[in-house]
Amino acid sequence: MEKEAEQAKKKVVGAKCLFCEGSQQQHVHSRRFFVYIPERCSQDGRTRTTETLTRRTLIWIHSCDNNNQVVGVGSGSTIVYAVDRLAERVRQEKLNIVCVPTSFQARQLILQHGLVLSDLDRHPELDVAIDGADEVDAHLTLIKGGGGCLTQEKIVAGCAKHFIVIADYRKDSKALGQQWKKGVPIEVVPMAYVPVSRRIVQLFGGEANLRMAVSKAGPVVTDNSNFILDWKFVGAQKWKDINCAIKMIPGVVETGLFVGMAERAYFGMEDGNVLMRDAPVN
């Protein structure tokens, strides 16, 4: 992977990084995506904190053909800053970009930045979907849904020609469960949350708990008016089989397991560099 990345490196003279105004940066070009990677970023001569790295030095990814793209916009903290940079590029370069959101949060971000908002009725096929993740394993299997938007995120990702993940280094794991300790989110029809949680534990062990809201009384309610169970599993699992089995339980809407969907992940490292990983070839 390192050899491939090295061969793909390409200096772009005079190019401006989206994250470091006015500074010349290293840019990496691949066959399908153009990725801006700040080699070194600082503010007022100080090294950025891990939080700032997470928010501001994560790569912005888009297709090589900059214009006339339909982009799936994910949810979460990382996407807030990606959308900000996308809006900046659209204004500066007069790009024709259409955005399809994965959640109410993503929809509001698109509108607030004056980007073109669409949906899957009008654009059922996307050029690329970009989203974060709660955890990414060595095979690019993801846990998503910590923010409660797993179903719409999976639908949008499934409609995209390319699904790209951006996250910070703390989301990178060899195996699921090493970093993310809150379990696998599972969206369920409200009337079925008790039998579903019991059935999951019977089949796979661990514990499945109804996610409770913080700023309201009662459970978290998704954009689809459903509940979320967080299944805290034990040990290594065959995620493709687990995902299929859970989805067969009556009352389950969707799981937060994204298996075989992401083709590439970019991790913003603590030192400001970016680690790229492609999905293994089966």
# chains A, B, ... in the order shown; residues from 1 in each chain; ligands from 1
>>> residues_around(residues="Ile130 (chain A)", least_positions_apart="5", cutoff="12 Å", atoms="only C-alpha atoms", output="number ranges by chain")
A: 33, 59-63, 70-76, 78-80, 82-83, 86, 99-102, 106, 153-154, 156-167, 261-266
>>> atom_distance(atom1="CA of Glu187 (chain A)", atom2="CA of Ile228 (chain A)")
4.5 Å
>>> closest_residue(among="A:Leu142, A:Leu203, A:Leu126, A:Val116", to="Val259 (chain A)", atoms="only C-alpha atoms")
A:Leu142
>>> select_by_dssp(residues="region 130-238 of chain A", states="strand (DSSP E)", output="mmCIF file with C-alpha atoms, in the first residue's frame")
data_model
loop_
_atom_site.group_PDB
_atom_site.id
_atom_site.type_symbol
_atom_site.label_atom_id
_atom_site.label_comp_id
_atom_site.auth_asym_id
_atom_site.auth_seq_id
_atom_site.Cartn_x
_atom_site.Cartn_y
_atom_site.Cartn_z
ATOM 1 C CA ILE A 130 -18.428 10.432 2.069
ATOM 2 C CA ASP A 131 -19.011 9.625 5.719
ATOM 3 C CA GLU A 135 -14.698 2.297 14.167
ATOM 4 C CA VAL A 136 -12.940 0.806 11.129
ATOM 5 C CA LEU A 142 -17.334 -0.321 9.889
ATOM 6 C CA ILE A 143 -19.374 0.298 12.983
ATOM 7 C CA PHE A 163 -18.072 4.963 -0.616
ATOM 8 C CA ILE A 164 -15.211 6.731 1.142
ATOM 9 C CA VAL A 165 -14.655 6.980 4.892
ATOM 10 C CA ILE A 166 -12.815 9.791 6.651
ATOM 11 C CA ALA A 167 -11.968 9.510 10.327
ATOM 12 C CA ASP A 168 -9.259 10.282 12.838
ATOM 13 C CA VAL A 184 -23.127 -2.166 17.445
ATOM 14 C CA PRO A 185 -26.134 0.128 16.929
ATOM 15 C CA ILE A 186 -29.255 -1.606 15.682
ATOM 16 C CA GLU A 187 -32.309 0.361 14.599
ATOM 17 C CA VAL A 188 -35.570 -1.328 15.561
ATOM 18 C CA GLU A 207 -26.011 -7.528 25.959
ATOM 19 C CA ALA A 208 -28.362 -5.359 23.920
ATOM 20 C CA ASN A 209 -29.505 -2.165 25.605
ATOM 21 C CA LEU A 210 -32.040 0.410 24.535
ATOM 22 C CA PHE A 227 -35.482 3.118 18.548
ATOM 23 C CA ILE A 228 -31.846 2.060 18.738
ATOM 24 C CA LEU A 229 -30.374 -0.918 20.536
ATOM 25 C CA ASP A 230 -26.656 -0.971 21.292
ATOM 26 C CA TRP A 231 -25.394 -4.536 21.188
ATOM 27 C CA LYS A 232 -22.204 -4.988 23.203
#
>>> residues_around(residues="Gly206 (chain A)", least_positions_apart="4", cutoff="10 Å", atoms="only C-alpha atoms", output="count of residues only")
9
>>> select_by_dssp(residues="region 36-266 of chain A", states="alpha helix (DSSP H)", output="JSON, numbers by chain")
{"A": [50, 51, 52, 53, 54, 55, 56, 77, 78, 79, 80, 81, 82, 83, 84, 85, 86, 87, 88, 89, 90, 91, 92, 93, 104, 105, 106, 107, 108, 109, 110, 111, 112, 150, 151, 152, 153, 154, 155, 156, 157, 158, 193, 194, 195, 196, 197, 198, 199, 200, 201, 202, 203, 204, 239, 240, 241, 242, 243, 244, 245, 246, 247]}
>>> closest_residue(among="A:Gly177, A:Gly148, A:Gly218, A:Gly205", to="Thr255 (chain A)", atoms="only C-alpha atoms")
A:Gly148
